[in-house]
Amino acid sequence: MARRGLSLILDALALAEQDPEVQALIRALGGEPVKVRERLIGAPAYRSRRMLFASGGEIILHDDAVVAVLLHLTPEPPAQQGVDLAEWIPSANNDATLDDLKSAIGTAREWAGFGTPVFPVDGGFVRADFRDRRGWNEPGNLLSIAVVVERPGLSCAPDDDDCAVCADLLIRAADDDEVDVAASTLALQAALDAGDLTEDLHWVRLADLEPLHASGLMQRVESQLTCTSCRRIICFALYYDSPATFQHHVLNDARQHPLEAIPPVDLWGDQARVAAERDAMRYLDHRPGAWFLVEQNGEFYLQARYVVNSMVDASALIRLDEAERAAYRIDGHDYISELARRINDDGPHREQSPFRERDLYRGPDAGGYKDAAAAAIVNHTWMAEQRRRG
């Protein structure tokens, strides 16, 4: 019988398919794979190759380097069986709970986001995937084990290369591997309209990406959209003097991308876009880390941050009443700072808060207000300042 065990997997990580360590792993998983899938990922592109074995094991390579080994405990078609976990992690079995895995692997348990337990091991990381990302302490909920090169949570999961929702949204030009910008934009917009993606309005709106690029007013324009299934962030960027890029990132990496201040719409938008902007919320003033004041059709709105507890804060959006507008006309910035302080002191999360019923982020149109406010302050947030510095 071929040697098995976690060390066999760890020895193969980051090596090429023809290296002896990887070949030994292939033999231990059953020899010839029952299914092989290859695709180009992103632009600039790398090649993802997935080999599924009859045993239920799977190897994923990026540009011929092993980046992940998956142990499926239930059959992954066309494999006819699931892995016997005890052959790979002694003292564990297919009904293992999270505590069982911790005891068997012998390292500290950490978390990669909510619901994804991770065990650092020598040469890689062991990720445990449970049903619905919960039920860790109940036998029978463990679905698979992934042994990966890069730390989960700080990099995209290699098994998301084939995400059913977002993997095919990049459309390549017919004669090369570069991005077909128009076709990819249409595919992304269709997914956005279908609710398969969400758009981060701290970046350029997808609908504005091509017009802004065509204007030549920015060296680099980028839209960021999050897949509702795998949670990867699609970063779609157009450049003044180089090919478009289309990449998947985790939040920590995506938010560090640079972006210039977005020019006024009347410098690049068509007549309809300029008209829409005229009726939208517009930025007036802010105090870093505390509040933003925006205006729309003569109404003033204060987005104020408040503390919920020692670990959590939130934001409220309050429409200024007549008395507050009058006070603002007299005392300006100082009055808004005082009003924001009162909102923080009487946080709208409290039932008795006088601001609770006024908080538009708690009402039925909360999503629309959040999008409108985010678009209005896009050039003035702390994140925008960091992007410009980047």
# chains A, B, ... in the order shown; residues from 1 in each chain; ligands from 1
call {"tool": "select_by_dssp", "arguments": {"residues": "segment 117-243 of chain A", "states": "helix (DSSP H, G or I)", "output": "JSON, numbers by chain"}}
result
{"A": [131, 132, 133, 158, 159, 160, 161, 162, 181, 182, 183, 184, 185, 186, 187, 188, 189, 190, 191, 192, 193, 206, 207, 208, 209, 210, 211, 212, 213, 214, 215]}
call {"tool": "write_last_selection", "arguments": {"atoms": "C-alpha atoms", "output": "compact mmCIF listing (two decimals), in the first residue's frame"}}
result
# COMPACT_ATOMS: atom_id res chain seq x y z
CA ARG A 131 -21.41 21.97 6.47
CA ASP A 132 -22.79 25.53 6.22
CA ARG A 133 -19.65 26.71 8.08
CA PRO A 158 -7.52 27.69 -4.79
CA ASP A 159 -10.71 25.60 -4.91
CA ASP A 160 -12.64 28.78 -5.74
CA ASP A 161 -10.94 28.85 -9.16
CA ASP A 162 -14.06 27.10 -10.48
CA VAL A 181 -13.23 44.89 -21.96
CA ALA A 182 -16.67 45.47 -23.48
CA ALA A 183 -17.76 41.83 -23.24
CA SER A 184 -16.40 41.42 -19.70
CA THR A 185 -18.16 44.60 -18.59
CA LEU A 186 -21.46 43.27 -19.96
CA ALA A 187 -20.94 39.92 -18.20
CA LEU A 188 -20.17 41.62 -14.90
CA GLN A 189 -23.14 43.95 -15.23
CA ALA A 190 -25.48 41.03 -15.91
CA ALA A 191 -24.18 39.24 -12.80
CA LEU A 192 -24.54 42.44 -10.79
CA ASP A 193 -28.13 42.90 -11.99
CA LEU A 206 -18.90 49.47 -13.15
CA ALA A 207 -21.22 51.55 -15.33
CA ASP A 208 -18.71 54.42 -15.17
CA LEU A 209 -15.58 52.37 -15.80
CA GLU A 210 -15.39 52.60 -19.60
CA PRO A 211 -16.49 56.27 -19.90
CA LEU A 212 -13.94 57.34 -17.29
CA HIS A 213 -11.21 55.35 -19.01
CA ALA A 214 -12.12 56.79 -22.40
CA SER A 215 -11.91 60.33 -21.03
call {"tool": "residues_around", "arguments": {"residues": "Ala167 of chain A", "least_positions_apart": "6", "cutoff": "10 Å", "atoms": "only C-alpha atoms", "output": "NGL selection string"}}
result
:A and (39-42 or 160-161 or 227 or 230 or 248)
call {"tool": "closest_residue", "arguments": {"among": "A:Lys35, A:Phe300, A:Val118, A:Ala96", "to": "Gln80 of chain A", "atoms": "only C-alpha atoms"}}
result
A:Lys35
call {"tool": "residues_around", "arguments": {"residues": "Thr116 of chain A", "least_positions_apart": "4", "cutoff": "10 Å", "atoms": "only C-alpha atoms", "output": "ChimeraX atom specification"}}
result
/A:110-112,127-130,133-134,136,152-153
call {"tool": "write_last_selection", "arguments": {"atoms": "N, CA and C atoms", "output": "mmCIF file, in the first residue's frame"}}
result
data_model
loop_
_atom_site.group_PDB
_atom_site.id
_atom_site.type_symbol
_atom_site.label_atom_id
_atom_site.label_comp_id
_atom_site.auth_asym_id
_atom_site.auth_seq_id
_atom_site.Cartn_x
_atom_site.Cartn_y
_atom_site.Cartn_z
ATOM 1 N N GLU A 110 -6.950 28.240 14.589
ATOM 2 C CA GLU A 110 -7.160 29.650 14.292
ATOM 3 C C GLU A 110 -8.364 29.763 13.370
ATOM 4 N N TRP A 111 -8.718 30.996 13.030
ATOM 5 C CA TRP A 111 -9.898 31.212 12.181
ATOM 6 C C TRP A 111 -9.539 32.089 10.994
ATOM 7 N N ALA A 112 -10.054 31.716 9.826
ATOM 8 C CA ALA A 112 -9.906 32.523 8.608
ATOM 9 C C ALA A 112 -11.275 33.086 8.287
ATOM 10 N N ARG A 127 -7.054 23.534 6.372
ATOM 11 C CA ARG A 127 -8.363 24.199 6.462
ATOM 12 C C ARG A 127 -9.443 23.131 6.568
ATOM 13 N N ALA A 128 -10.320 23.261 7.541
ATOM 14 C CA ALA A 128 -11.416 22.306 7.723
ATOM 15 C C ALA A 128 -12.717 22.947 7.247
ATOM 16 N N ASP A 129 -13.407 22.281 6.327
ATOM 17 C CA ASP A 129 -14.665 22.807 5.782
ATOM 18 C C ASP A 129 -15.827 22.006 6.343
ATOM 19 N N PHE A 130 -16.669 22.686 7.132
ATOM 20 C CA PHE A 130 -17.834 22.064 7.735
ATOM 21 C C PHE A 130 -19.104 22.496 7.003
ATOM 22 N N ARG A 133 -20.613 25.982 7.250
ATOM 23 C CA ARG A 133 -19.655 26.709 8.082
ATOM 24 C C ARG A 133 -20.117 26.794 9.535
ATOM 25 N N ARG A 134 -20.702 25.719 10.011
ATOM 26 C CA ARG A 134 -21.144 25.663 11.404
ATOM 27 C C ARG A 134 -21.217 24.191 11.810
ATOM 28 N N TRP A 136 -19.502 22.671 14.119
ATOM 29 C CA TRP A 136 -18.148 22.136 14.269
ATOM 30 C C TRP A 136 -18.071 21.061 15.347
ATOM 31 N N PRO A 152 -5.193 30.678 4.597
ATOM 32 C CA PRO A 152 -6.600 30.984 4.288
ATOM 33 C C PRO A 152 -7.028 32.287 4.959
ATOM 34 N N GLY A 153 -7.842 33.035 4.232
ATOM 35 C CA GLY A 153 -8.293 34.331 4.726
ATOM 36 C C GLY A 153 -7.426 35.472 4.249
#
call {"tool": "atom_distance", "arguments": {"atom1": "atom CA of Ala280 of chain A", "atom2": "atom CA of Leu251 of chain A"}}
result
27.8 Å
